[in-house]
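One file, query_25.tsv, is given below (TSV, C-alpha atoms and all ligand atoms).
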```tsv
chain	number	residue	atom	x	y	z
A	255	MET	CA	0.00	0.00	0.00
A	256	THR	CA	1.25	3.49	-0.80
A	257	SER	CA	1.06	5.94	2.07
A	258	PRO	CA	0.90	9.70	1.42
A	259	LEU	CA	4.35	9.89	3.01
A	260	GLN	CA	5.83	7.64	0.33
A	261	ARG	CA	4.55	9.85	-2.47
A	262	ARG	CA	6.59	12.77	-1.23
A	263	LYS	CA	9.05	14.50	-3.54
A	264	ILE	CA	12.77	14.05	-3.08
A	265	LEU	CA	15.57	15.80	-4.95
A	266	ILE	CA	18.84	13.89	-5.28
A	267	VAL	CA	21.92	15.92	-6.20
A	268	GLU	CA	24.87	13.63	-6.94
A	269	ASP	CA	27.56	13.78	-9.62
A	270	SER	CA	28.27	10.06	-9.83
A	271	GLN	CA	25.80	8.66	-12.31
A	272	GLU	CA	26.20	5.18	-10.88
A	273	ILE	CA	25.39	6.18	-7.29
A	274	ARG	CA	22.59	8.49	-8.41
A	275	LYS	CA	20.95	5.67	-10.36
A	276	ILE	CA	20.97	3.35	-7.33
A	277	LEU	CA	19.57	6.01	-4.98
A	278	VAL	CA	16.85	7.08	-7.42
A	279	LEU	CA	15.82	3.50	-8.06
A	280	THR	CA	15.76	2.67	-4.34
A	281	LEU	CA	13.49	5.62	-3.57
A	282	GLU	CA	11.25	5.03	-6.59
A	283	MET	CA	10.69	1.49	-5.38
A	284	GLU	CA	9.38	3.06	-2.18
A	285	HIS	CA	6.98	5.17	-4.29
A	286	TYR	CA	8.70	8.49	-3.71
A	287	GLU	CA	8.63	10.98	-6.58
A	288	VAL	CA	12.33	11.45	-7.28
A	289	HIS	CA	14.04	14.30	-9.13
A	290	GLN	CA	17.74	14.24	-9.88
A	291	ALA	CA	20.58	16.63	-10.63
A	292	GLU	CA	24.30	16.22	-11.32
A	293	ASN	CA	25.44	19.25	-9.35
A	294	GLY	CA	24.23	22.22	-7.33
A	295	GLU	CA	23.59	24.41	-10.35
A	296	GLN	CA	21.32	21.82	-11.95
A	297	GLY	CA	19.69	21.31	-8.55
A	298	LEU	CA	18.80	25.00	-8.34
A	299	ARG	CA	17.32	24.87	-11.85
A	300	ILE	CA	15.08	21.94	-10.89
A	301	LEU	CA	13.94	23.85	-7.80
A	302	GLN	CA	12.45	26.49	-10.07
A	303	GLN	CA	9.84	23.92	-11.06
A	304	VAL	CA	9.63	21.48	-8.14
A	305	ARG	CA	9.27	21.98	-4.41
A	306	PRO	CA	10.70	18.86	-2.82
A	307	ASP	CA	9.89	17.62	0.68
A	308	LEU	CA	13.51	16.58	1.12
A	309	ILE	CA	16.82	17.30	-0.58
A	310	ILE	CA	19.72	14.84	-0.47
A	311	SER	CA	22.94	16.24	-1.82
A	312	ASP	CA	26.49	15.06	-2.31
A	313	ILE	CA	29.16	17.41	-0.95
A	314	ASN	CA	31.99	17.02	-3.46
A	315	MET	CA	30.71	17.82	-6.94
A	316	PRO	CA	32.09	19.78	-9.88
A	317	GLN	CA	30.72	23.25	-10.77
A	318	MET	CA	28.64	23.92	-7.67
A	319	ASN	CA	29.42	21.66	-4.72
A	320	GLY	CA	27.00	20.61	-1.99
A	321	ILE	CA	28.04	23.30	0.50
A	322	GLU	CA	27.58	26.08	-2.08
A	323	PHE	CA	24.28	24.54	-3.16
A	324	PHE	CA	23.06	24.43	0.44
A	325	LYS	CA	24.10	28.06	1.07
A	326	ALA	CA	22.28	29.21	-2.09
A	327	LEU	CA	19.21	27.29	-1.01
A	328	ARG	CA	19.03	28.77	2.47
A	329	LYS	CA	19.20	32.29	1.02
A	330	ASN	CA	16.00	31.58	-0.88
A	331	LYS	CA	12.90	32.13	1.30
A	332	SER	CA	10.95	29.46	-0.57
A	333	PHE	CA	13.44	26.72	0.24
A	334	ASP	CA	15.03	27.70	3.51
A	335	THR	CA	12.93	25.22	5.48
A	336	VAL	CA	13.17	22.17	3.19
A	337	PRO	CA	14.89	19.33	5.11
A	338	PHE	CA	18.39	18.65	3.82
A	339	ILE	CA	20.67	15.62	4.10
A	340	PHE	CA	24.31	15.62	3.03
A	341	LEU	CA	25.66	12.63	1.22
A	342	THR	CA	29.37	12.17	1.63
A	343	ALA	CA	31.87	9.54	0.58
A	344	ASN	CA	34.81	11.00	2.39
A	345	ASN	CA	33.21	11.43	5.77
A	346	THR	CA	35.94	13.77	6.93
A	347	GLN	CA	35.72	15.92	10.01
A	348	GLU	CA	36.04	18.97	7.78
A	349	ASP	CA	32.89	18.18	5.78
A	350	ILE	CA	30.86	17.50	8.89
A	351	GLN	CA	32.18	20.60	10.64
A	352	GLN	CA	31.31	22.80	7.68
A	353	GLY	CA	27.84	21.32	7.41
A	354	HIS	CA	27.20	21.71	11.14
A	355	GLU	CA	28.17	25.36	10.98
A	356	LEU	CA	25.55	25.80	8.27
A	357	GLY	CA	22.90	24.01	10.33
A	358	VAL	CA	22.77	20.64	8.57
A	359	GLU	CA	21.99	17.89	11.07
A	360	ASP	CA	21.94	14.84	8.86
A	361	TYR	CA	24.60	12.98	6.93
A	362	ILE	CA	24.54	9.80	4.95
A	363	THR	CA	27.91	8.21	4.41
A	364	LYS	CA	28.43	6.34	1.15
A	365	PRO	CA	28.29	3.46	0.56
A	366	ILE	CA	25.00	2.74	2.26
A	367	ALA	CA	22.72	-0.30	2.14
A	368	PRO	CA	19.40	0.49	0.38
A	369	GLN	CA	17.29	-0.44	3.42
A	370	ASP	CA	19.34	1.89	5.66
A	371	PHE	CA	19.06	4.67	3.11
A	372	VAL	CA	15.26	4.27	2.95
A	373	ALA	CA	15.03	4.19	6.76
A	374	ILE	CA	16.99	7.46	7.13
A	375	VAL	CA	14.92	9.20	4.45
A	376	HIS	CA	11.69	8.00	6.00
A	377	ALA	CA	12.74	9.07	9.52
A	378	ARG	CA	13.79	12.52	8.28
A	379	LEU	CA	10.43	13.06	6.57
A	380	VAL	CA	8.53	11.95	9.67
A	381	ARG	CA	10.56	14.37	11.79
A	382	ALA	CA	9.98	17.20	9.31
A	383	GLY	CA	6.24	16.46	9.47
A	384	GLN	CA	6.26	16.64	13.26
A	385	VAL	CA	8.09	19.97	13.21
A	386	GLN	CA	5.53	21.28	10.73
A	387	ILE	CA	2.62	20.25	12.97
A	388	ALA	CA	4.28	21.86	16.00
A	389	GLN	CA	4.80	25.09	14.06
A	390	MET	CA	1.20	25.04	12.90
A	391	ASP	CA	-0.02	24.55	16.47
A	392	GLN	CA	2.11	27.48	17.56
A	393	ALA	CA	0.56	29.59	14.79
A	394	TYR	CA	-2.94	28.58	15.93
A	395	LEU	CA	-2.13	29.42	19.53
A	396	GLU	CA	-0.89	32.85	18.50
A	397	THR	CA	-4.10	33.46	16.53
A	398	VAL	CA	-6.21	32.29	19.45
A	399	ASN	CA	-4.32	34.63	21.79
A	400	VAL	CA	-4.94	37.57	19.47
A	401	LEU	CA	-8.67	36.79	19.48
A	402	ALA	CA	-8.72	36.36	23.26
A	403	ASN	CA	-6.87	39.64	23.74
A	404	VAL	CA	-9.63	41.45	21.86
A	405	ILE	CA	-11.90	40.67	24.80
A	406	GLU	CA	-9.35	41.57	27.44
A	407	GLY	CA	-8.63	44.80	25.60
A	408	ARG	CA	-12.28	45.79	25.72
A	409	ASP	CA	-12.90	44.75	29.28
A	410	PRO	CA	-10.31	46.47	31.46
A	411	HIS	CA	-11.39	44.54	34.55
A	412	THR	CA	-10.45	41.15	33.24
A	413	HIS	CA	-6.77	41.75	32.59
A	414	GLY	CA	-4.88	38.47	32.74
A	415	HIS	CA	-8.13	36.51	33.25
A	416	VAL	CA	-7.77	34.50	30.06
A	417	GLU	CA	-4.17	33.45	30.81
A	418	ARG	CA	-4.96	32.49	34.41
A	419	VAL	CA	-8.12	30.58	33.46
A	420	ALA	CA	-6.14	28.66	30.83
A	421	ASP	CA	-3.48	27.87	33.45
A	422	TYR	CA	-5.97	26.62	36.10
A	423	ALA	CA	-7.89	24.66	33.45
A	424	ARG	CA	-4.74	22.96	32.18
A	425	ARG	CA	-3.63	22.00	35.69
A	426	LEU	CA	-7.06	20.58	36.49
A	427	ALA	CA	-7.21	18.64	33.21
A	428	GLU	CA	-3.71	17.25	33.73
A	429	LYS	CA	-4.78	15.96	37.14
A	430	MET	CA	-7.61	14.19	35.32
A	431	ARG	CA	-4.97	12.71	32.98
A	432	TRP	CA	-6.18	14.51	29.87
A	433	ASN	CA	-3.44	14.73	27.27
A	434	GLY	CA	-2.54	15.25	23.62
A	435	ASP	CA	-5.08	16.95	21.39
A	436	VAL	CA	-7.70	17.08	24.15
A	437	LEU	CA	-5.36	19.15	26.30
A	438	ARG	CA	-4.44	21.37	23.38
A	439	MET	CA	-8.09	22.10	22.64
A	440	LEU	CA	-8.66	22.84	26.33
A	441	GLU	CA	-5.93	25.51	26.13
A	442	PHE	CA	-7.67	27.07	23.12
A	443	GLY	CA	-11.14	26.72	24.65
A	444	ALA	CA	-10.06	28.26	27.95
A	445	ARG	CA	-8.55	31.23	26.15
A	446	LEU	CA	-11.55	31.74	23.86
A	447	HIS	CA	-14.34	31.05	26.36
A	448	ASP	CA	-15.56	34.67	26.51
A	449	ILE	CA	-14.92	35.54	22.85
A	450	GLY	CA	-18.70	36.04	22.39
A	451	LYS	CA	-18.49	39.14	24.61
A	452	ILE	CA	-17.60	40.90	21.40
A	453	VAL	CA	-21.37	41.24	20.82
A	454	VAL	CA	-21.98	42.78	24.26
A	455	PRO	CA	-22.05	46.60	24.09
A	456	ASP	CA	-19.43	48.58	26.03
A	457	GLN	CA	-21.96	50.21	28.34
A	458	VAL	CA	-23.05	46.74	29.51
A	459	LEU	CA	-19.62	45.12	29.55
A	460	LYS	CA	-18.04	48.00	31.47
A	461	LYS	CA	-21.00	48.91	33.68
A	462	PRO	CA	-19.79	49.27	37.27
A	463	GLY	CA	-23.20	48.69	38.87
A	464	PRO	CA	-25.68	45.79	38.75
A	465	LEU	CA	-27.15	44.97	35.35
A	466	THR	CA	-30.82	45.45	34.46
A	467	ASP	CA	-32.78	42.46	33.15
A	468	PRO	CA	-32.35	43.37	29.46
A	469	GLU	CA	-28.65	44.01	30.07
A	470	TRP	CA	-28.35	40.55	31.63
A	471	VAL	CA	-29.96	39.03	28.56
A	472	LEU	CA	-27.28	40.71	26.44
A	473	MET	CA	-24.49	39.64	28.75
A	474	LYS	CA	-25.71	36.04	28.81
A	475	SER	CA	-25.86	35.95	25.01
A	476	HIS	CA	-22.04	35.80	24.91
A	477	ALA	CA	-21.92	32.03	25.31
A	478	GLU	CA	-24.03	31.28	22.25
A	479	ALA	CA	-22.59	34.19	20.27
A	480	GLY	CA	-19.05	32.90	20.84
A	481	ALA	CA	-19.94	29.36	19.81
A	482	LYS	CA	-21.64	30.67	16.66
A	483	MET	CA	-18.58	32.73	15.77
A	484	LEU	CA	-16.16	29.83	16.05
A	485	ALA	CA	-18.39	27.04	14.67
A	486	PRO	CA	-17.20	27.53	11.05
A	487	ILE	CA	-13.53	27.10	12.05
A	488	THR	CA	-13.02	23.35	11.68
A	489	HIS	CA	-9.82	23.21	13.70
A	490	LEU	CA	-11.45	25.00	16.65
A	491	ARG	CA	-14.63	22.93	16.70
A	492	PRO	CA	-13.55	20.89	19.74
A	493	THR	CA	-13.39	24.16	21.72
A	494	LEU	CA	-17.13	24.81	21.32
A	495	PRO	CA	-18.25	22.98	24.50
A	496	TYR	CA	-16.00	25.28	26.56
A	497	ILE	CA	-17.45	28.38	24.98
A	498	LEU	CA	-21.07	27.30	24.94
A	499	PHE	CA	-21.35	25.60	28.35
A	500	HIS	CA	-19.04	27.44	30.77
A	501	HIS	CA	-22.01	29.15	32.48
A	502	GLU	CA	-24.14	26.02	32.91
A	503	ARG	CA	-24.68	24.88	36.50
A	504	TRP	CA	-24.82	21.36	37.90
A	505	ASP	CA	-28.38	21.91	39.24
A	506	GLY	CA	-29.67	23.22	35.91
A	507	SER	CA	-29.88	26.88	36.96
A	508	GLY	CA	-27.21	28.07	34.52
A	509	TYR	CA	-27.30	29.32	30.94
A	510	PRO	CA	-27.68	29.21	27.95
A	511	ARG	CA	-29.36	25.79	27.92
A	512	GLY	CA	-30.09	25.13	31.59
A	513	LEU	CA	-28.51	21.67	31.27
A	514	LYS	CA	-28.20	19.54	34.40
A	515	ALA	CA	-25.36	17.44	35.86
A	516	LYS	CA	-23.72	15.14	33.29
A	517	GLU	CA	-25.92	16.59	30.52
A	518	ILE	CA	-23.39	19.42	30.65
A	519	PRO	CA	-20.32	18.39	28.65
A	520	VAL	CA	-17.33	17.90	30.93
A	521	GLU	CA	-15.50	20.78	29.18
A	522	GLY	CA	-18.20	23.19	30.41
A	523	ARG	CA	-18.23	21.70	33.94
A	524	LEU	CA	-14.47	22.03	34.22
A	525	LEU	CA	-14.26	25.56	32.90
A	526	ALA	CA	-17.17	26.75	35.08
A	527	ILE	CA	-15.12	26.04	38.22
A	528	VAL	CA	-11.88	27.70	37.15
A	529	ASP	CA	-13.66	30.68	35.56
A	530	VAL	CA	-15.55	31.45	38.77
A	531	PHE	CA	-12.45	30.92	40.90
A	532	ASP	CA	-10.46	33.46	38.91
A	533	ALA	CA	-13.36	35.94	38.61
A	534	ILE	CA	-13.87	36.12	42.39
A	535	THR	CA	-10.20	36.07	43.39
A	536	THR	CA	-9.55	39.15	41.22
A	537	ALA	CA	-11.09	42.60	41.62
A	538	ARG	CA	-14.09	43.45	39.43
A	539	PRO	CA	-16.18	46.65	39.33
A	540	TYR	CA	-18.88	44.98	41.44
A	541	HIS	CA	-16.66	43.25	44.00
A	542	PRO	CA	-13.16	43.47	45.47
A	543	ALA	CA	-10.71	40.59	45.09
A	544	ARG	CA	-11.52	37.83	47.59
A	545	PRO	CA	-8.80	35.66	49.14
A	546	ALA	CA	-8.24	32.27	47.50
A	547	HIS	CA	-9.22	30.25	50.60
A	548	GLU	CA	-12.59	32.05	50.80
A	549	VAL	CA	-13.35	31.38	47.15
A	550	ALA	CA	-12.20	27.77	47.53
A	551	ARG	CA	-14.67	27.42	50.42
A	552	PHE	CA	-17.45	28.95	48.29
A	553	ILE	CA	-16.72	26.51	45.45
A	554	GLN	CA	-16.75	23.56	47.85
A	555	VAL	CA	-20.07	24.73	49.34
A	556	LYS	CA	-21.50	24.99	45.83
A	557	ALA	CA	-20.28	21.51	44.77
A	558	GLY	CA	-23.42	19.68	43.69
A	559	THR	CA	-25.45	22.86	43.12
A	560	PHE	CA	-23.34	25.12	40.89
A	561	PHE	CA	-20.41	22.81	40.24
A	562	ASP	CA	-19.70	19.18	39.37
A	563	PRO	CA	-19.09	17.57	42.81
A	564	SER	CA	-16.56	15.13	41.36
A	565	LEU	CA	-14.40	17.89	39.82
A	566	VAL	CA	-14.37	20.26	42.81
A	567	PRO	CA	-12.05	18.10	44.99
A	568	ILE	CA	-9.63	17.70	42.09
A	569	PHE	CA	-9.53	21.48	41.66
A	570	MET	CA	-8.93	21.87	45.39
A	571	GLN	CA	-5.91	19.63	44.95
A	572	VAL	CA	-4.70	21.94	42.16
A	573	LEU	CA	-5.03	24.93	44.50
A	574	VAL	CA	-3.11	23.09	47.23
A	575	ASP	CA	-0.37	22.20	44.72
A	576	MET	CA	-0.20	25.86	43.66
A	577	LYS	CA	0.06	26.81	47.35
A	578	LEU	CA	-2.98	29.07	46.97
A	579	ILE	CA	-4.73	27.22	49.80
A	580	THR	CA	-3.51	24.82	52.48
A	581	ARG	CA	-4.52	21.20	52.82
A	582	ASP	CA	-6.63	21.93	55.93
A	583	GLN	CA	-8.69	24.44	53.92
A	584	VAL	CA	-10.04	21.58	51.81
A	585	SER	CA	-13.27	20.49	53.42
A	586	PRO	CA	-13.42	16.77	54.40
A	587	SER	CA	-16.57	16.23	52.36
A	588	ALA	CA	-14.86	17.61	49.25
A	589	ALA	CA	-11.73	15.58	49.95
A	590	THR	CA	-13.69	12.33	50.03
A	591	GLN	CA	-15.57	12.93	46.80
A	592	PRO	CA	-14.78	10.32	44.12
A	601	FE	FE	-18.29	33.83	30.26
```
Target format structure tokens, applied to this file:
Amino acid sequence: MTSPLQRRKILIVEDSQEIRKILVLTLEMEHYEVHQAENGEQGLRILQQVRPDLIISDINMPQMNGIEFFKALRKNKSFDTVPFIFLTANNTQEDIQQGHELGVEDYITKPIAPQDFVAIVHARLVRAGQVQIAQMDQAYLETVNVLANVIEGRDPHTHGHVERVADYARRLAEKMRWNGDVLRMLEFGARLHDIGKIVVPDQVLKKPGPLTDPEWVLMKSHAEAGAKMLAPITHLRPTLPYILFHHERWDGSGYPRGLKAKEIPVEGRLLAIVDVFDAITTARPYHPARPAHEVARFIQVKAGTFFDPSLVPIFMQVLVDMKLITRDQVSPSAATQP
């Protein structure tokens, strides 16, 4: 079976026709699309038409050698991130040193058995793919932070709220052994949870006094508005439960749906606890900052009415670990919850 990985494009730059033939054949048998050049100059010409996923180049070649070829490549913005492997017959310290200085990590020393050659190529492509995914995730996180900052920028009372909520949420989720993509989406969801406040007018969002009924309706609309905004973004779809359900309450008295207990997705139940903890422990126009142990007590009292009673003790453990409360401030009933 041909995997997408095996159909990747590889450029071989090698002056020895004999060696080139063997390498090309070996890779073609593995279903790679292989392009070949005799020297660096020819390699650069091929790159005007093809964007390879990997370049394998000999070092000692006439006209333009591998080092010159590599330098020319890294000056070109379109090719400066293409993975590169040097192929060298005389594996001298000098070659390796020169390549290292230029940032080349990989070498293949000729002669090499075909199966070893294929294994190195495959491993390099897998690693390049992982780096690409990590860079993409970083780019997403930066975008998410920009979006989240829009809210913080508008609401001067919530400075740092998004970062702290994401931090508490991550610690709580890690205690519950969440990992991988689920944890990544939690980071995004925690940062974006109030993104829907973009539809709430300034005079409501920044009002220092209590809200009127119609103002409350507007304020409460932020959960659904946020979910609606992000629903078309495929990559962010797993964050929707955080955005939509972070104001639901265990006893069904929350919004927007009034869901009860386990009807509320766990993402919403988790975020509800950390969101409230941060909101009350920091100063807002309608209340001063309350000490962590007081808010922890409030959350424990509300376990089973506002909050999921099985998550509250785990969050208390997080607060103890963070030294925000002491062990004796965790109520025995909370400590014995499953
Ligand atoms: Fe909210």
* **Shell of 7 Å around ligand FE 601 (chain A) (all atoms listed in the file), written as an MDAnalysis selection string** => chainID A and resid 447:448 476:477 500:501
* Spatial sel., origin (27.6, 25.6, -12.0), limit 8 Å, only C-alpha atoms, listed as a list in words ->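 Counting only C-alpha atoms, I find these residues within 8 Å of (27.6, 25.6, -12.0): Asn293, Gly294, Glu295, Gln296, Pro316, Gln317 and Met318 of chain A.
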* To do: For stretch 325-332 of chain A, please output as a PyMOL selection string all residues within 9 Å (counting all atoms listed in the file; exclusion window: fewer than 5 positions along the same chain).
  => chain A and resi 294+298+305+320+356
* Do you know which residues are at most 10 Å from A:Phe442 counting all atoms listed in the file, after dropping those on the same chain fewer than 4 positions away, and could you put them as a list of chain:residue names? -> A:Tyr394, A:Leu395, A:Thr397, A:Val398, A:Asn399, A:Ala402, A:Ala420, A:Leu437, A:Arg438, A:Leu446, A:His447, A:Leu490, A:Pro492, A:Thr493, A:Leu494, A:Tyr496
* Structure fact -> Closest of A:Ala427, A:Val436, A:Ala557, A:Met483 to A:Ile452, counting all atoms listed in the file, is A:Met483
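Near A:Ile374, within 12 Å and counting all atoms listed in the file, sit Leu281, Leu308, Ile310, Phe338, Ile339, Phe340, Leu341, Asp360, Tyr361, Ile362, Thr363, Ile366, Ala367, Pro368, Gln369, Asp370, Phe371, Val372, His376, Ala377, Arg378, Leu379, Val380 and Arg381 of chain A; same-chain residues fewer than 2 positions away were not included.
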* Which residue, A:Ile300, A:Lys482, A:Glu469, A:Phe531, has the smallest gap to A:Ala543 when you use only C-alpha atoms? ->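 Counting only C-alpha atoms, the residue closest to A:Ala543 is A:Phe531.
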* **Near-A:Ala546 list (10 Å; all atoms listed in the file; drop same-chain fewer than 5 positions) as a ChimeraX atom specification** => /A:531-532,534-536,551-552,573,577-579
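Across the model, the gap from atom CA of A:Tyr509 to atom CA of A:Phe560 is 11.5 Å.
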Please complete stretch 489-508 of chain A so it has N, CA and C atoms, and hand it over as a CSV table (one decimal), in the coordinates of the input.
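Here's the written file selection_32.csv:
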```csv
chain,number,residue,atom,x,y,z
A,489,HIS,N,-10.9,23.6,12.7
A,489,HIS,CA,-9.8,23.2,13.7
A,489,HIS,C,-10.2,23.5,15.1
A,490,LEU,N,-11.1,24.6,15.3
A,490,LEU,CA,-11.4,25.0,16.6
A,490,LEU,C,-12.8,24.4,17.1
A,491,ARG,N,-13.3,23.5,16.3
A,491,ARG,CA,-14.6,22.9,16.7
A,491,ARG,C,-14.6,22.2,18.1
A,492,PRO,N,-13.6,21.5,18.4
A,492,PRO,CA,-13.6,20.9,19.7
A,492,PRO,C,-13.6,21.9,20.9
A,493,THR,N,-13.4,23.2,20.6
A,493,THR,CA,-13.4,24.2,21.7
A,493,THR,C,-14.8,24.6,22.0
A,494,LEU,N,-15.8,24.3,21.2
A,494,LEU,CA,-17.1,24.8,21.3
A,494,LEU,C,-17.8,24.5,22.7
A,495,PRO,N,-17.6,23.2,23.2
A,495,PRO,CA,-18.2,23.0,24.5
A,495,PRO,C,-17.8,23.9,25.6
A,496,TYR,N,-16.5,24.3,25.5
A,496,TYR,CA,-16.0,25.3,26.6
A,496,TYR,C,-16.7,26.6,26.5
A,497,ILE,N,-16.9,27.0,25.2
A,497,ILE,CA,-17.4,28.4,25.0
A,497,ILE,C,-18.9,28.4,25.3
A,498,LEU,N,-19.6,27.3,24.8
A,498,LEU,CA,-21.1,27.3,24.9
A,498,LEU,C,-21.5,27.0,26.4
A,499,PHE,N,-20.8,26.1,27.1
A,499,PHE,CA,-21.4,25.6,28.4
A,499,PHE,C,-20.7,26.1,29.6
A,500,HIS,N,-19.8,27.1,29.6
A,500,HIS,CA,-19.0,27.4,30.8
A,500,HIS,C,-19.9,28.2,31.8
A,501,HIS,N,-21.1,28.5,31.5
A,501,HIS,CA,-22.0,29.2,32.5
A,501,HIS,C,-23.2,28.2,32.9
A,502,GLU,N,-23.1,27.0,32.5
A,502,GLU,CA,-24.1,26.0,32.9
A,502,GLU,C,-23.8,25.7,34.4
A,503,ARG,N,-24.9,25.3,35.1
A,503,ARG,CA,-24.7,24.9,36.5
A,503,ARG,C,-25.2,23.5,36.7
A,504,TRP,N,-24.5,22.8,37.6
A,504,TRP,CA,-24.8,21.4,37.9
A,504,TRP,C,-26.3,21.1,38.2
A,505,ASP,N,-27.0,22.1,38.9
A,505,ASP,CA,-28.4,21.9,39.2
A,505,ASP,C,-29.3,22.4,38.2
A,506,GLY,N,-28.8,22.8,37.0
A,506,GLY,CA,-29.7,23.2,35.9
A,506,GLY,C,-30.0,24.7,35.9
A,507,SER,N,-29.5,25.5,36.9
A,507,SER,CA,-29.9,26.9,37.0
A,507,SER,C,-29.0,27.8,36.1
A,508,GLY,N,-28.1,27.2,35.3
A,508,GLY,CA,-27.2,28.1,34.5
A,508,GLY,C,-27.7,28.4,33.1
```
